[in-house]
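First comes the structure, then the notes that go with it.
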Amino acid sequence: MEIRSWMKKGLKWPLGVILVYAFIGLFNSLIANDQPLIGAQNKNLFFPAFYDLAADWGLVSGSHRKRETGFDWAVYPPIHYKAGTIDKDNAGFCAPSACIKGSGHWLGTDQLGRDVAAGIVRGCYTSFRIGLLATLICSILGILIGMSMGYFGNKKLKVSLSQAVVLILGLLASIYFLIYQITAFSLHPLLFWLLWLLIWLGSLSLLARCPNKNIGLPVDGAFTRVIEWRRSVPTLILMLVLFPLFDKPAVNNVILVILILGWTGFARHARAETMSIKERQYVISASIMGAGHLEILRRHILPNILHTLMILAAMNFAGNVLLESTLSFLGMGLPPEEVSWGSLLSEGRKNHYAWWMVVFPGLALFILVYSINRLTDQYLEKDA
């Protein structure tokens, strides 16, 4: 019943638009590909486009293989081009109405002859891949830090001197590990970050059970200084400092930079919400009854602040999509072969008459960001 009431209040169309974008991004290899969905060769069936789809999902490797030809019959995707397929006959910024008849370039081509429609479809995949993953990691890390700041303050979490030294050294080693060594691992980014968070959660859990706690860790004060430092440095300057640290452009690098830029917003909101809720009577009663810190945080505080933080996550996702497009427009972060809406807009700078290079990718970006913001606005109006 609640979902139906949301639909009546104007949430239906923005949610539908976001789901369409998600579908296009998830199945981009079946929508725009120079390989057939299904083809027959010597009475054998092949599914080349589905192989690329499996490569996008991380199920197989080696998606950049030689183009297969010589099919007896084949069924091709709606857009008969990959984002990187070069059509020399329609190179040099071919307008949608000026391309060779029957070539299938519905939205024109760029300077090299790459299809703009295929680039927009692939850019949808790139934006959702980076935006969702970065938002997930930022929210988890920011919420954990913010809840710890608001709940423990500067004296509530106590450890021994030896534990404090080990904790500080481990934190410094983790920072070095994250910044300088992340690109050397072949783990999927989501698995890597989840493993890192599990290690630190396990460490904190062990610390909570150790005796001889006589030193209060200034959790709130330390992270507050870090957040103040982050907010005092302009975003563009921080990006210019961080990206040269990486050996080569990669998606993981962009996610890491977005994490460094974006976790503070979640931490600030989680801290404020936690400080308000921990003073309520049911939290105080749980503490008096002997509930541990982790139990109070998990059962009494997190469920009550999650609603607000989910709205923040939706707005953060829209911001991450814009940030990824900005980085791609500036030529930072992503490798040259990775197509995004920002890289398509950047191509439009090479020819001011190539209006289709700006209008169509810009419109795709605008519609997605507007739909996300509209969804959050309507949701807030519903709760008001």
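Numbering starts fresh at 1 for the residues of each chain in the structure tokens, the chains themselves are lettered A, B, ... in the order given, and ligands are numbered from 1 as they appear.
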Just want the 6 Å neighbourhood of segment 245-253 of chain A, counted on only C-alpha atoms, with same-chain residues fewer than 5 positions away dropped. Output as number ranges by chain. A: 333-335
Write a file of the just-selected residues containing C-alpha atoms, as an mmCIF file, in the first residue's frame.
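See selection.cif below for the written result:
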```cif
data_model
loop_
_atom_site.group_PDB
_atom_site.id
_atom_site.type_symbol
_atom_site.label_atom_id
_atom_site.label_comp_id
_atom_site.auth_asym_id
_atom_site.auth_seq_id
_atom_site.Cartn_x
_atom_site.Cartn_y
_atom_site.Cartn_z
ATOM 1 C CA GLY A 333 40.771 9.032 -14.235
ATOM 2 C CA LEU A 334 39.292 6.733 -16.854
ATOM 3 C CA PRO A 335 41.394 5.016 -19.544
#
```
Leaving out Gly39 of chain A and any residue of its chain fewer than 2 positions from it, which residues lie within 9 Å of it when counting only C-alpha atoms, given as a list of chain:residue names?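 Contacts, with the query itself left out: A:Pro36, A:Leu37, A:Gln41, A:Asn44, A:Leu45, A:Phe46, A:Phe47, A:Pro48, A:Phe71, A:Asp72, A:Trp73, A:Ala74, A:Val75, A:Tyr76.
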What lies within 8 Å of Ile305 of chain A using only C-alpha atoms, ignoring chain neighbours under 2 positions off, as number ranges by chain? A: 270, 273-274, 301-303, 307-309
Based on DSSP run over this structure's backbone, return all residues of segment 18-137 of chain A in alpha helix (DSSP H), as a ChimeraX atom specification. /A:18-26,28-31,48-56,116-137
Using C-alpha atoms, can you write the selected residues to a file as an mmCIF file, in the first residue's frame?
```cif
data_model
loop_
_atom_site.group_PDB
_atom_site.id
_atom_site.type_symbol
_atom_site.label_atom_id
_atom_site.label_comp_id
_atom_site.auth_asym_id
_atom_site.auth_seq_id
_atom_site.Cartn_x
_atom_site.Cartn_y
_atom_site.Cartn_z
ATOM 1 C CA ILE A 18 15.940 5.433 -13.394
ATOM 2 C CA LEU A 19 14.977 1.791 -13.915
ATOM 3 C CA VAL A 20 15.175 2.229 -17.699
ATOM 4 C CA TYR A 21 18.663 3.717 -17.351
ATOM 5 C CA ALA A 22 19.668 0.859 -15.054
ATOM 6 C CA PHE A 23 18.358 -1.687 -17.566
ATOM 7 C CA ILE A 24 20.246 -0.030 -20.438
ATOM 8 C CA GLY A 25 23.449 0.080 -18.406
ATOM 9 C CA LEU A 26 23.122 -3.490 -17.187
ATOM 10 C CA ASN A 28 24.352 -2.443 -22.751
ATOM 11 C CA SER A 29 26.178 -5.192 -24.645
ATOM 12 C CA LEU A 30 22.835 -6.556 -25.881
ATOM 13 C CA ILE A 31 21.641 -3.122 -27.013
ATOM 14 C CA PRO A 48 28.899 -13.372 -29.120
ATOM 15 C CA ALA A 49 26.985 -10.428 -27.628
ATOM 16 C CA PHE A 50 26.127 -12.458 -24.536
ATOM 17 C CA TYR A 51 29.832 -13.191 -24.122
ATOM 18 C CA ASP A 52 30.468 -9.440 -23.916
ATOM 19 C CA LEU A 53 27.612 -9.147 -21.421
ATOM 20 C CA ALA A 54 29.221 -11.831 -19.256
ATOM 21 C CA ALA A 55 32.509 -9.917 -19.474
ATOM 22 C CA ASP A 56 30.759 -6.738 -18.248
ATOM 23 C CA VAL A 116 27.211 8.325 -30.702
ATOM 24 C CA ALA A 117 24.163 6.211 -29.779
ATOM 25 C CA ALA A 118 26.418 3.274 -28.887
ATOM 26 C CA GLY A 119 28.582 5.633 -26.846
ATOM 27 C CA ILE A 120 25.554 6.899 -24.907
ATOM 28 C CA VAL A 121 24.469 3.319 -24.142
ATOM 29 C CA ARG A 122 27.972 2.406 -22.966
ATOM 30 C CA GLY A 123 28.191 5.656 -21.005
ATOM 31 C CA CYS A 124 25.069 4.589 -19.112
ATOM 32 C CA TYR A 125 26.913 1.450 -18.021
ATOM 33 C CA THR A 126 29.983 3.458 -17.002
ATOM 34 C CA SER A 127 27.961 5.986 -14.987
ATOM 35 C CA PHE A 128 25.945 3.363 -13.111
ATOM 36 C CA ARG A 129 28.982 1.170 -12.521
ATOM 37 C CA ILE A 130 31.052 3.957 -10.988
ATOM 38 C CA GLY A 131 28.190 5.922 -9.416
ATOM 39 C CA LEU A 132 26.534 3.002 -7.623
ATOM 40 C CA LEU A 133 29.758 1.372 -6.460
ATOM 41 C CA ALA A 134 31.226 4.663 -5.230
ATOM 42 C CA THR A 135 27.971 5.537 -3.441
ATOM 43 C CA LEU A 136 27.828 2.127 -1.769
ATOM 44 C CA ILE A 137 31.409 2.352 -0.513
#
```
Pairwise distance for atom CA of Asn154 of chain A and atom CA of Met275 of chain A, rounded to one decimal in Å: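 Atom CA of Met275 of chain A lies 12.7 Å from atom CA of Asn154 of chain A.
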Just to confirm, what's the straight-line distance from atom CA of Lys156 of chain A to atom CA of Glu228 of chain A in Å (one decimal)?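 Going from atom CA of Lys156 of chain A over to atom CA of Glu228 of chain A covers 22.1 Å.
Coordinates place atom CA of Leu363 of chain A at a distance of 24.3 Å from atom CA of Asp87 of chain A.
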Test item: residues at most 9 Å from Asp89 of chain A, only C-alpha atoms, excluding those fewer than 6 positions along its chain, as a short mmCIF file (atom, residue, chain, number, x, y, z; two decimals) with C-alpha atoms, in the first residue's frame:
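As written to disk, selection_23.cif reads:
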```
data_model
loop_
_atom_site.label_atom_id
_atom_site.label_comp_id
_atom_site.auth_asym_id
_atom_site.auth_seq_id
_atom_site.Cartn_x
_atom_site.Cartn_y
_atom_site.Cartn_z
CA CYS A 99 25.59 9.72 -42.54
CA ILE A 100 25.54 7.21 -45.35
CA GLY A 113 33.55 7.49 -36.92
#
```
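Shell of Val226 of chain A at 12 Å, with only C-alpha atoms counted and residues fewer than 6 places along the chain excluded, is Ile145, Met149, Val219, Asp220, Ser232, Val233, Ile260, Leu261, Trp263, Thr264, Ala267 and Arg268 of chain A.
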Excluding Met315 of chain A and residues on its chain fewer than 2 positions from it, collect all residues at most 8 Å away from it, counting only C-alpha atoms, and give them as number ranges by chain. A: 311-313, 317-319, 372-373, 376
Pull C-alpha atoms from the residues just selected and write them as a PDB file, in the first residue's frame.
```pdb
ATOM      1  CA  ILE A 311      17.843   9.752   0.880  1.00  0.00           C
ATOM      2  CA  LEU A 312      21.343  11.182   1.215  1.00  0.00           C
ATOM      3  CA  ALA A 313      22.698   8.167  -0.694  1.00  0.00           C
ATOM      4  CA  PHE A 317      24.566   8.919  -6.403  1.00  0.00           C
ATOM      5  CA  ALA A 318      23.433  11.791  -8.629  1.00  0.00           C
ATOM      6  CA  GLY A 319      26.464  13.805  -7.516  1.00  0.00           C
ATOM      7  CA  ILE A 372      17.090  11.112  -9.204  1.00  0.00           C
ATOM      8  CA  ASN A 373      16.715  14.576  -7.678  1.00  0.00           C
ATOM      9  CA  THR A 376      14.263  12.364  -3.614  1.00  0.00           C
TER      10      THR A 376
END
```
Compile the contact shell of Met332 of chain A as number ranges by chain: residues with an atom at most 9 Å away, counting only C-alpha atoms, same-chain residues fewer than 5 positions apart removed. A: 239-240, 243, 249, 254, 326-327
Produce a file of the selected residues containing C-alpha atoms, as a compact mmCIF listing (two decimals), in the first residue's frame.
```txt
# COMPACT_ATOMS: atom_id res chain seq x y z
CA MET A 239 41.62 15.68 -7.63
CA LEU A 240 44.64 17.24 -9.35
CA PHE A 243 45.28 11.35 -9.84
CA PRO A 249 44.09 5.41 -15.53
CA VAL A 254 38.06 7.04 -9.96
CA THR A 326 33.26 15.91 -15.06
CA LEU A 327 36.40 13.84 -14.64
```
